[in-house]
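Data first, discussion second: the structure below is written as structure tokens.
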Amino acid sequence: MTYEEKKFSLPEMAGLSKESVAAHLGLYAGYVKNCNVLMTQMDALRADSEKNAIAIAELARRFPFEFDGMRMHELYFEQFEAGVQKLTPQSALSTALAEQFSSVGEWEKQFRQLGMMRGIGWVNLCFDVAANTFHNVWIGEHQQGQLAALPIILTLDVWEHAYLADYSTTGRAKYIEAFFSNQNWAVAEKRFAVVQ
Ligand SMILES: [Fe+2]
């Protein structure tokens with residue numbers, strides 16, 4: 001099989017320029033392409049898997065970087081589709097966040113704080129279904145720190161490519177502000193409804 005690049009129907013977003021978003025979508029496309037290239041190359045190398053063991057191992061190490069980069073960008077861009085929609089105050093997601101973090105505002109504060117960590121990466125709000133618990137998780141690059149089998153409810157890309165063109169290197173906080181102000185929270189609410 002091959003992975004297909006998804007097309008997103010994105011509205012105009014305050015604080016996230018069309019040029020910046022277009023470039024970001026181009027990077028996403030690269031992850032899709034590289035997933036397919038890596039799978040094809042590993043298949044070819046398996047024709048002589050003993051001789052190519054080291055080459056296969058190196059590509060296998062690289063695959064999660066490309067795959068998680070692909071998948072998290074899909075989750076990320078999907079969160080902006082169909083325009084801004086605030087988190088519904090009485091929704092299951094809102095209620096559960098408030099129960100665990102004392103308030104949705106406190107959850108958001110903690111999530112934003114992780115987003116300001118130095119380094120390149122992502123912040124994911126994940127939900128541990130078995131323990132009925134959320135985790136805000138720092139993801140280094142795309143693949144480091146992923147919590148096994150925990151569905152992602154909301155994801156925030158804080159690689160510099162996500163904000164450099166609009167905010168410069170020191171503008172990550174403003175970018176995170178724009179990220180939140182453009183969210184279609186119905187997407188996260190739907191993801192939570194499916195897994196809870
Ligand atoms: Fe990105």
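Ordering of the structure tokens sets the chain letters (A, B, ...), residue numbers begin anew at 1 in every chain, and ligands are numbered from 1 in the order given.
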
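Using only C-alpha atoms, the contacts of Leu147 (chain A) at a cut-off of 12 Å, with sequence neighbours closer than 6 positions omitted, comprise Val123, Asn124, Leu125, Cys126, Phe127, Asp128, Phe134, His135, Asn136, Val137, Trp138 and Ile139 of chain A.
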
Give me, as a compact mmCIF listing (two decimals) with N, CA and C atoms, in the first residue's frame, all polymer residues having an atom no more than 8 Å from Asp166 (chain A), counting only C-alpha atoms and skipping those fewer than 5 positions away in the same chain.
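What ended up in out-v8.txt:
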```txt
# COMPACT_ATOMS: atom_id res chain seq x y z
N GLY A 15 -3.52 35.34 12.19
CA GLY A 15 -2.24 35.08 12.84
C GLY A 15 -1.45 33.95 12.22
N LEU A 16 -2.03 33.26 11.26
CA LEU A 16 -1.31 32.19 10.54
C LEU A 16 -1.46 32.50 9.05
N SER A 17 -0.41 33.02 8.45
CA SER A 17 -0.53 33.51 7.08
C SER A 17 -0.71 32.37 6.08
N SER A 20 2.63 30.90 5.07
CA SER A 20 3.21 30.03 6.10
C SER A 20 2.50 28.67 6.13
```

* Given a cut-off of 9 Å, what residues near ligand 1 show up using only C-alpha atoms and all ligand atoms, put as JSON, numbers by chain? -> {"A": [24, 25, 27, 28, 69, 72, 73, 76, 121, 122, 156, 157, 158, 159, 160, 161, 162]}

* Sel. of strand (DSSP E or B) residues, region 58-139 of chain A, as a PyMOL selection string -> chain A and resi 85+121-128+133-139

Using N, CA and C atoms, can you export the residues from the last selection as an mmCIF file, in the first residue's frame?
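The result, written out as again12.cif:
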```cif
data_model
loop_
_atom_site.group_PDB
_atom_site.id
_atom_site.type_symbol
_atom_site.label_atom_id
_atom_site.label_comp_id
_atom_site.auth_asym_id
_atom_site.auth_seq_id
_atom_site.Cartn_x
_atom_site.Cartn_y
_atom_site.Cartn_z
ATOM 1 N N GLN A 85 -14.387 27.155 16.193
ATOM 2 C CA GLN A 85 -15.500 26.755 17.060
ATOM 3 C C GLN A 85 -14.939 26.575 18.463
ATOM 4 N N GLY A 121 9.517 20.179 18.589
ATOM 5 C CA GLY A 121 8.621 19.081 18.923
ATOM 6 C C GLY A 121 7.162 19.476 18.866
ATOM 7 N N TRP A 122 6.394 18.735 19.583
ATOM 8 C CA TRP A 122 4.941 18.873 19.586
ATOM 9 C C TRP A 122 4.452 18.728 21.021
ATOM 10 N N VAL A 123 3.227 19.201 21.255
ATOM 11 C CA VAL A 123 2.546 18.889 22.503
ATOM 12 C C VAL A 123 1.240 18.192 22.153
ATOM 13 N N ASN A 124 1.031 17.062 22.755
ATOM 14 C CA ASN A 124 -0.198 16.314 22.518
ATOM 15 C C ASN A 124 -1.026 16.235 23.793
ATOM 16 N N LEU A 125 -2.313 16.445 23.641
ATOM 17 C CA LEU A 125 -3.250 16.058 24.701
ATOM 18 C C LEU A 125 -3.724 14.659 24.333
ATOM 19 N N CYS A 126 -3.343 13.699 25.171
ATOM 20 C CA CYS A 126 -3.718 12.302 24.931
ATOM 21 C C CYS A 126 -4.696 11.850 25.998
ATOM 22 N N PHE A 127 -5.409 10.802 25.706
ATOM 23 C CA PHE A 127 -6.347 10.260 26.700
ATOM 24 C C PHE A 127 -6.070 8.779 26.904
ATOM 25 N N ASP A 128 -5.769 8.438 28.158
ATOM 26 C CA ASP A 128 -5.551 7.045 28.526
ATOM 27 C C ASP A 128 -6.907 6.441 28.876
ATOM 28 N N THR A 133 -7.777 8.959 32.056
ATOM 29 C CA THR A 133 -6.885 10.057 32.435
ATOM 30 C C THR A 133 -6.279 10.719 31.200
ATOM 31 N N PHE A 134 -6.231 12.034 31.245
ATOM 32 C CA PHE A 134 -5.526 12.770 30.188
ATOM 33 C C PHE A 134 -4.048 12.887 30.530
ATOM 34 N N HIS A 135 -3.244 13.003 29.484
ATOM 35 C CA HIS A 135 -1.840 13.378 29.647
ATOM 36 C C HIS A 135 -1.511 14.447 28.621
ATOM 37 N N ASN A 136 -0.888 15.523 29.087
ATOM 38 C CA ASN A 136 -0.243 16.463 28.175
ATOM 39 C C ASN A 136 1.170 15.961 27.973
ATOM 40 N N VAL A 137 1.561 15.756 26.737
ATOM 41 C CA VAL A 137 2.823 15.074 26.466
ATOM 42 C C VAL A 137 3.700 15.903 25.545
ATOM 43 N N TRP A 138 4.951 16.069 25.925
ATOM 44 C CA TRP A 138 5.944 16.688 25.032
ATOM 45 C C TRP A 138 6.492 15.608 24.102
ATOM 46 N N ILE A 139 6.457 15.896 22.814
ATOM 47 C CA ILE A 139 6.982 14.965 21.812
ATOM 48 C C ILE A 139 8.214 15.597 21.174
#
```

* Counting only C-alpha atoms, the residue of A:Asn34, A:Ser94, A:Ile153, A:Ala60 that sits nearest Arg46 (chain A) ->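 Comparing A:Asn34, A:Ser94, A:Ile153, A:Ala60 against Arg46 (chain A), the winner is A:Ala60.
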
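Using only C-alpha atoms, the smallest distance between any of A:Met1, A:Cys35, A:Val84, A:Ala92 and Phe65 (chain A) comes from A:Cys35.
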
* To do: Tell me, in Å to one decimal, how far CA of Ala55 (chain A) is from CA of Glu4 (chain A).
  => 25.3 Å

* To do: Could you check which of A:Ile120, A:Trp107, A:Thr155, A:Gly30 is closest to Gly140 (chain A), using only C-alpha atoms?
  => A:Ile120

* Restricting the calculation to only C-alpha atoms, which member of A:Ala82, A:Ala57, A:Ala96, A:Met116 is positioned closest to Tyr175 (chain A)? ->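 Checking each of A:Ala82, A:Ala57, A:Ala96, A:Met116 against Tyr175 (chain A), counting only C-alpha atoms, the winner is A:Met116.
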
Could you please write out, as a PDB file with N, CA and C atoms, in the first residue's frame, every residue of region 13-106 of chain A that DSSP assigns to helix (DSSP H, G or I)?
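Heads up, here's the output in out_10.pdb:
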```
ATOM      1  N   LYS A  18      -1.328  32.714   4.970  1.00  0.00           N
ATOM      2  CA  LYS A  18      -1.536  31.733   3.902  1.00  0.00           C
ATOM      3  C   LYS A  18      -0.212  31.151   3.440  1.00  0.00           C
ATOM      4  N   GLU A  19       0.794  32.015   3.320  1.00  0.00           N
ATOM      5  CA  GLU A  19       2.117  31.572   2.830  1.00  0.00           C
ATOM      6  C   GLU A  19       2.738  30.571   3.803  1.00  0.00           C
ATOM      7  N   SER A  20       2.632  30.898   5.066  1.00  0.00           N
ATOM      8  CA  SER A  20       3.212  30.035   6.096  1.00  0.00           C
ATOM      9  C   SER A  20       2.504  28.675   6.125  1.00  0.00           C
ATOM     10  N   VAL A  21       1.184  28.714   6.037  1.00  0.00           N
ATOM     11  CA  VAL A  21       0.408  27.468   6.052  1.00  0.00           C
ATOM     12  C   VAL A  21       0.699  26.636   4.800  1.00  0.00           C
ATOM     13  N   ALA A  22       0.830  27.319   3.654  1.00  0.00           N
ATOM     14  CA  ALA A  22       1.125  26.598   2.401  1.00  0.00           C
ATOM     15  C   ALA A  22       2.486  25.905   2.486  1.00  0.00           C
ATOM     16  N   ALA A  23       3.461  26.603   3.040  1.00  0.00           N
ATOM     17  CA  ALA A  23       4.787  25.994   3.180  1.00  0.00           C
ATOM     18  C   ALA A  23       4.733  24.810   4.146  1.00  0.00           C
ATOM     19  N   HIS A  24       3.947  24.981   5.186  1.00  0.00           N
ATOM     20  CA  HIS A  24       3.813  23.918   6.189  1.00  0.00           C
ATOM     21  C   HIS A  24       3.148  22.676   5.582  1.00  0.00           C
ATOM     22  N   LEU A  25       2.143  22.917   4.738  1.00  0.00           N
ATOM     23  CA  LEU A  25       1.485  21.789   4.061  1.00  0.00           C
ATOM     24  C   LEU A  25       2.457  21.068   3.135  1.00  0.00           C
ATOM     25  N   GLY A  26       3.373  21.839   2.546  1.00  0.00           N
ATOM     26  CA  GLY A  26       4.396  21.231   1.698  1.00  0.00           C
ATOM     27  C   GLY A  26       5.306  20.310   2.499  1.00  0.00           C
ATOM     28  N   LEU A  27       5.631  20.730   3.705  1.00  0.00           N
ATOM     29  CA  LEU A  27       6.453  19.867   4.562  1.00  0.00           C
ATOM     30  C   LEU A  27       5.691  18.591   4.913  1.00  0.00           C
ATOM     31  N   TYR A  28       4.407  18.752   5.222  1.00  0.00           N
ATOM     32  CA  TYR A  28       3.561  17.575   5.504  1.00  0.00           C
ATOM     33  C   TYR A  28       3.607  16.593   4.335  1.00  0.00           C
ATOM     34  N   ALA A  29       3.482  17.119   3.126  1.00  0.00           N
ATOM     35  CA  ALA A  29       3.497  16.244   1.945  1.00  0.00           C
ATOM     36  C   ALA A  29       4.796  15.447   1.870  1.00  0.00           C
ATOM     37  N   GLY A  30       5.870  16.073   2.314  1.00  0.00           N
ATOM     38  CA  GLY A  30       7.168  15.389   2.317  1.00  0.00           C
ATOM     39  C   GLY A  30       7.178  14.179   3.240  1.00  0.00           C
ATOM     40  N   TYR A  31       6.486  14.283   4.363  1.00  0.00           N
ATOM     41  CA  TYR A  31       6.430  13.128   5.278  1.00  0.00           C
ATOM     42  C   TYR A  31       5.646  11.973   4.663  1.00  0.00           C
ATOM     43  N   VAL A  32       4.572  12.307   3.971  1.00  0.00           N
ATOM     44  CA  VAL A  32       3.785  11.264   3.304  1.00  0.00           C
ATOM     45  C   VAL A  32       4.654  10.562   2.263  1.00  0.00           C
ATOM     46  N   LYS A  33       5.332  11.380   1.466  1.00  0.00           N
ATOM     47  CA  LYS A  33       6.182  10.839   0.408  1.00  0.00           C
ATOM     48  C   LYS A  33       7.265   9.948   1.010  1.00  0.00           C
ATOM     49  N   ASN A  34       7.900  10.439   2.057  1.00  0.00           N
ATOM     50  CA  ASN A  34       9.011   9.681   2.637  1.00  0.00           C
ATOM     51  C   ASN A  34       8.560   8.386   3.300  1.00  0.00           C
ATOM     52  N   CYS A  35       7.359   8.366   3.846  1.00  0.00           N
ATOM     53  CA  CYS A  35       6.825   7.093   4.383  1.00  0.00           C
ATOM     54  C   CYS A  35       6.780   6.061   3.266  1.00  0.00           C
ATOM     55  N   ASN A  36       6.257   6.491   2.124  1.00  0.00           N
ATOM     56  CA  ASN A  36       6.137   5.563   0.993  1.00  0.00           C
ATOM     57  C   ASN A  36       7.503   5.137   0.461  1.00  0.00           C
ATOM     58  N   VAL A  37       8.411   6.092   0.390  1.00  0.00           N
ATOM     59  CA  VAL A  37       9.768   5.775  -0.094  1.00  0.00           C
ATOM     60  C   VAL A  37      10.428   4.778   0.847  1.00  0.00           C
ATOM     61  N   LEU A  38      10.325   5.020   2.139  1.00  0.00           N
ATOM     62  CA  LEU A  38      10.973   4.122   3.101  1.00  0.00           C
ATOM     63  C   LEU A  38      10.395   2.710   3.030  1.00  0.00           C
ATOM     64  N   MET A  39       9.094   2.613   2.923  1.00  0.00           N
ATOM     65  CA  MET A  39       8.480   1.275   2.838  1.00  0.00           C
ATOM     66  C   MET A  39       8.944   0.553   1.577  1.00  0.00           C
ATOM     67  N   THR A  40       9.000   1.282   0.474  1.00  0.00           N
ATOM     68  CA  THR A  40       9.447   0.685  -0.791  1.00  0.00           C
ATOM     69  C   THR A  40      10.904   0.240  -0.696  1.00  0.00           C
ATOM     70  N   GLN A  41      11.727   1.111  -0.135  1.00  0.00           N
ATOM     71  CA  GLN A  41      13.156   0.771  -0.041  1.00  0.00           C
ATOM     72  C   GLN A  41      13.394  -0.411   0.899  1.00  0.00           C
ATOM     73  N   MET A  42      12.674  -0.449   2.006  1.00  0.00           N
ATOM     74  CA  MET A  42      12.856  -1.575   2.936  1.00  0.00           C
ATOM     75  C   MET A  42      12.407  -2.880   2.283  1.00  0.00           C
ATOM     76  N   ASP A  43      11.318  -2.810   1.540  1.00  0.00           N
ATOM     77  CA  ASP A  43      10.851  -4.001   0.806  1.00  0.00           C
ATOM     78  C   ASP A  43      11.931  -4.507  -0.148  1.00  0.00           C
ATOM     79  N   ALA A  44      12.524  -3.584  -0.879  1.00  0.00           N
ATOM     80  CA  ALA A  44      13.554  -3.971  -1.854  1.00  0.00           C
ATOM     81  C   ALA A  44      14.761  -4.582  -1.147  1.00  0.00           C
ATOM     82  N   LEU A  45      15.157  -3.981  -0.050  1.00  0.00           N
ATOM     83  CA  LEU A  45      16.333  -4.471   0.678  1.00  0.00           C
ATOM     84  C   LEU A  45      16.084  -5.853   1.286  1.00  0.00           C
ATOM     85  N   ARG A  46      14.850  -6.167   1.575  1.00  0.00           N
ATOM     86  CA  ARG A  46      14.527  -7.463   2.183  1.00  0.00           C
ATOM     87  C   ARG A  46      14.750  -8.625   1.206  1.00  0.00           C
ATOM     88  N   ALA A  47      14.974  -8.311  -0.052  1.00  0.00           N
ATOM     89  CA  ALA A  47      15.300  -9.366  -1.024  1.00  0.00           C
ATOM     90  C   ALA A  47      16.570 -10.091  -0.590  1.00  0.00           C
ATOM     91  N   ASP A  48      17.450  -9.376   0.085  1.00  0.00           N
ATOM     92  CA  ASP A  48      18.643 -10.006   0.671  1.00  0.00           C
ATOM     93  C   ASP A  48      18.801  -9.421   2.070  1.00  0.00           C
ATOM     94  N   ALA A  53      21.072  -6.029   6.281  1.00  0.00           N
ATOM     95  CA  ALA A  53      20.521  -5.888   7.637  1.00  0.00           C
ATOM     96  C   ALA A  53      20.739  -4.490   8.215  1.00  0.00           C
ATOM     97  N   ILE A  54      21.929  -3.954   8.035  1.00  0.00           N
ATOM     98  CA  ILE A  54      22.215  -2.640   8.621  1.00  0.00           C
ATOM     99  C   ILE A  54      21.419  -1.555   7.902  1.00  0.00           C
ATOM    100  N   ALA A  55      21.349  -1.649   6.610  1.00  0.00           N
ATOM    101  CA  ALA A  55      20.583  -0.649   5.841  1.00  0.00           C
ATOM    102  C   ALA A  55      19.101  -0.690   6.219  1.00  0.00           C
ATOM    103  N   ILE A  56      18.578  -1.900   6.378  1.00  0.00           N
ATOM    104  CA  ILE A  56      17.167  -2.031   6.784  1.00  0.00           C
ATOM    105  C   ILE A  56      16.966  -1.426   8.170  1.00  0.00           C
ATOM    106  N   ALA A  57      17.904  -1.716   9.061  1.00  0.00           N
ATOM    107  CA  ALA A  57      17.789  -1.205  10.433  1.00  0.00           C
ATOM    108  C   ALA A  57      17.786   0.322  10.445  1.00  0.00           C
ATOM    109  N   GLU A  58      18.620   0.918   9.637  1.00  0.00           N
ATOM    110  CA  GLU A  58      18.681   2.385   9.609  1.00  0.00           C
ATOM    111  C   GLU A  58      17.378   2.975   9.079  1.00  0.00           C
ATOM    112  N   LEU A  59      16.826   2.353   8.050  1.00  0.00           N
ATOM    113  CA  LEU A  59      15.555   2.861   7.508  1.00  0.00           C
ATOM    114  C   LEU A  59      14.419   2.622   8.505  1.00  0.00           C
ATOM    115  N   ALA A  60      14.491   1.482   9.203  1.00  0.00           N
ATOM    116  CA  ALA A  60      13.453   1.179  10.198  1.00  0.00           C
ATOM    117  C   ALA A  60      13.484   2.192  11.343  1.00  0.00           C
ATOM    118  N   ARG A  61      14.690   2.649  11.696  1.00  0.00           N
ATOM    119  CA  ARG A  61      14.786   3.684  12.733  1.00  0.00           C
ATOM    120  C   ARG A  61      14.199   5.002  12.242  1.00  0.00           C
ATOM    121  N   ARG A  62      14.333   5.258  10.975  1.00  0.00           N
ATOM    122  CA  ARG A  62      13.868   6.522  10.417  1.00  0.00           C
ATOM    123  C   ARG A  62      12.343   6.544  10.216  1.00  0.00           C
ATOM    124  N   PHE A  63      11.756   5.384  10.033  1.00  0.00           N
ATOM    125  CA  PHE A  63      10.335   5.322   9.671  1.00  0.00           C
ATOM    126  C   PHE A  63       9.408   6.017  10.682  1.00  0.00           C
ATOM    127  N   PRO A  64       9.572   5.790  11.997  1.00  0.00           N
ATOM    128  CA  PRO A  64       8.664   6.470  12.939  1.00  0.00           C
ATOM    129  C   PRO A  64       8.739   7.991  12.866  1.00  0.00           C
ATOM    130  N   PHE A  65       9.911   8.544  12.548  1.00  0.00           N
ATOM    131  CA  PHE A  65      10.035   9.995  12.379  1.00  0.00           C
ATOM    132  C   PHE A  65       9.134  10.466  11.239  1.00  0.00           C
ATOM    133  N   GLU A  66       9.185   9.778  10.131  1.00  0.00           N
ATOM    134  CA  GLU A  66       8.384  10.174   8.969  1.00  0.00           C
ATOM    135  C   GLU A  66       6.898   9.881   9.203  1.00  0.00           C
ATOM    136  N   PHE A  67       6.610   8.731   9.786  1.00  0.00           N
ATOM    137  CA  PHE A  67       5.209   8.345   9.972  1.00  0.00           C
ATOM    138  C   PHE A  67       4.515   9.270  10.979  1.00  0.00           C
ATOM    139  N   ASP A  68       5.151   9.479  12.130  1.00  0.00           N
ATOM    140  CA  ASP A  68       4.516  10.334  13.138  1.00  0.00           C
ATOM    141  C   ASP A  68       4.429  11.776  12.639  1.00  0.00           C
ATOM    142  N   GLY A  69       5.428  12.182  11.840  1.00  0.00           N
ATOM    143  CA  GLY A  69       5.362  13.504  11.226  1.00  0.00           C
ATOM    144  C   GLY A  69       4.165  13.619  10.294  1.00  0.00           C
ATOM    145  N   MET A  70       3.933  12.578   9.530  1.00  0.00           N
ATOM    146  CA  MET A  70       2.769  12.550   8.638  1.00  0.00           C
ATOM    147  C   MET A  70       1.464  12.588   9.450  1.00  0.00           C
ATOM    148  N   ARG A  71       1.340  11.681  10.359  1.00  0.00           N
ATOM    149  CA  ARG A  71       0.062  11.519  11.063  1.00  0.00           C
ATOM    150  C   ARG A  71      -0.269  12.708  11.954  1.00  0.00           C
ATOM    151  N   MET A  72       0.727  13.241  12.663  1.00  0.00           N
ATOM    152  CA  MET A  72       0.415  14.375  13.549  1.00  0.00           C
ATOM    153  C   MET A  72       0.099  15.631  12.749  1.00  0.00           C
ATOM    154  N   HIS A  73       0.742  15.828  11.602  1.00  0.00           N
ATOM    155  CA  HIS A  73       0.357  16.973  10.770  1.00  0.00           C
ATOM    156  C   HIS A  73      -1.083  16.824  10.275  1.00  0.00           C
ATOM    157  N   GLU A  74      -1.507  15.610  10.003  1.00  0.00           N
ATOM    158  CA  GLU A  74      -2.901  15.400   9.585  1.00  0.00           C
ATOM    159  C   GLU A  74      -3.852  15.781  10.719  1.00  0.00           C
ATOM    160  N   LEU A  75      -3.527  15.350  11.926  1.00  0.00           N
ATOM    161  CA  LEU A  75      -4.360  15.699  13.079  1.00  0.00           C
ATOM    162  C   LEU A  75      -4.363  17.219  13.298  1.00  0.00           C
ATOM    163  N   TYR A  76      -3.198  17.805  13.143  1.00  0.00           N
ATOM    164  CA  TYR A  76      -3.012  19.257  13.373  1.00  0.00           C
ATOM    165  C   TYR A  76      -3.846  20.075  12.388  1.00  0.00           C
ATOM    166  N   PHE A  77      -3.684  19.811  11.098  1.00  0.00           N
ATOM    167  CA  PHE A  77      -4.401  20.625  10.107  1.00  0.00           C
ATOM    168  C   PHE A  77      -5.910  20.386  10.169  1.00  0.00           C
ATOM    169  N   GLU A  78      -6.297  19.182  10.481  1.00  0.00           N
ATOM    170  CA  GLU A  78      -7.729  18.864  10.608  1.00  0.00           C
ATOM    171  C   GLU A  78      -8.384  19.737  11.687  1.00  0.00           C
ATOM    172  N   ALA A  92     -18.551  16.689  26.804  1.00  0.00           N
ATOM    173  CA  ALA A  92     -17.864  15.636  27.572  1.00  0.00           C
ATOM    174  C   ALA A  92     -16.386  15.976  27.735  1.00  0.00           C
ATOM    175  N   LEU A  93     -15.780  16.526  26.676  1.00  0.00           N
ATOM    176  CA  LEU A  93     -14.352  16.871  26.741  1.00  0.00           C
ATOM    177  C   LEU A  93     -14.112  17.978  27.758  1.00  0.00           C
ATOM    178  N   SER A  94     -14.906  18.999  27.688  1.00  0.00           N
ATOM    179  CA  SER A  94     -14.756  20.128  28.595  1.00  0.00           C
ATOM    180  C   SER A  94     -14.939  19.685  30.050  1.00  0.00           C
ATOM    181  N   THR A  95     -15.961  18.893  30.281  1.00  0.00           N
ATOM    182  CA  THR A  95     -16.251  18.423  31.641  1.00  0.00           C
ATOM    183  C   THR A  95     -15.117  17.557  32.175  1.00  0.00           C
ATOM    184  N   ALA A  96     -14.618  16.657  31.330  1.00  0.00           N
ATOM    185  CA  ALA A  96     -13.551  15.751  31.773  1.00  0.00           C
ATOM    186  C   ALA A  96     -12.252  16.510  32.043  1.00  0.00           C
ATOM    187  N   LEU A  97     -11.937  17.494  31.195  1.00  0.00           N
ATOM    188  CA  LEU A  97     -10.725  18.304  31.429  1.00  0.00           C
ATOM    189  C   LEU A  97     -10.841  19.074  32.740  1.00  0.00           C
ATOM    190  N   ALA A  98     -12.006  19.655  32.969  1.00  0.00           N
ATOM    191  CA  ALA A  98     -12.203  20.433  34.196  1.00  0.00           C
ATOM    192  C   ALA A  98     -12.125  19.544  35.436  1.00  0.00           C
ATOM    193  N   GLU A  99     -12.633  18.334  35.314  1.00  0.00           N
ATOM    194  CA  GLU A  99     -12.580  17.408  36.459  1.00  0.00           C
ATOM    195  C   GLU A  99     -11.147  17.053  36.809  1.00  0.00           C
ATOM    196  N   GLN A 100     -10.354  16.789  35.803  1.00  0.00           N
ATOM    197  CA  GLN A 100      -8.976  16.351  36.074  1.00  0.00           C
ATOM    198  C   GLN A 100      -8.034  17.501  36.430  1.00  0.00           C
ATOM    199  N   PHE A 101      -8.209  18.634  35.763  1.00  0.00           N
ATOM    200  CA  PHE A 101      -7.226  19.724  35.927  1.00  0.00           C
ATOM    201  C   PHE A 101      -7.758  20.864  36.799  1.00  0.00           C
ATOM    202  N   VAL A 104     -10.727  24.004  32.794  1.00  0.00           N
ATOM    203  CA  VAL A 104     -10.190  23.931  31.431  1.00  0.00           C
ATOM    204  C   VAL A 104      -9.036  24.926  31.286  1.00  0.00           C
ATOM    205  N   GLY A 105      -9.180  26.074  31.960  1.00  0.00           N
ATOM    206  CA  GLY A 105      -8.118  27.081  31.902  1.00  0.00           C
ATOM    207  C   GLY A 105      -6.808  26.561  32.453  1.00  0.00           C
ATOM    208  N   GLU A 106      -6.881  25.793  33.526  1.00  0.00           N
ATOM    209  CA  GLU A 106      -5.661  25.232  34.120  1.00  0.00           C
ATOM    210  C   GLU A 106      -5.051  24.192  33.178  1.00  0.00           C
TER     211      GLU A 106
END
```

Quick one: residues within 8 Å of Ala14 (chain A), only C-alpha atoms, excluding same-chain residues fewer than 6 positions away - as a compact mmCIF listing (two decimals) with C-alpha atoms, in the first residue's frame?
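Everything below was put into around.txt:
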```txt
# COMPACT_ATOMS: atom_id res chain seq x y z
CA ALA A 178 -2.99 32.05 17.22
CA SER A 181 -7.72 31.25 18.59
CA ASN A 182 -8.16 29.32 15.31
```

Can you tell me which residues surround Ala188 (chain A) at a distance of at most 6 Å, considering only C-alpha atoms, apart from same-chain residues fewer than 2 positions away, and format the answer as a PDB file with C-alpha atoms, in the first residue's frame?
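For reference, result.pdb as written:
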```
ATOM      1  CA  ILE A 153      -7.222  14.480  21.241  1.00  0.00           C
ATOM      2  CA  LEU A 154      -5.385  17.696  20.366  1.00  0.00           C
ATOM      3  CA  TRP A 185     -12.860  22.473  19.020  1.00  0.00           C
ATOM      4  CA  ALA A 186     -15.587  20.308  17.520  1.00  0.00           C
ATOM      5  CA  LYS A 190     -15.375  14.328  18.280  1.00  0.00           C
ATOM      6  CA  ARG A 191     -12.047  12.569  18.829  1.00  0.00           C
TER       7      ARG A 191
END
```

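For the atom pair formed by CA of Gly83 (chain A) and CA of Pro11 (chain A), the distance is 5.9 Å, given to one decimal.
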
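Here CA of Leu10 (chain A) and CA of Glu81 (chain A) stand 5.0 Å from one another.
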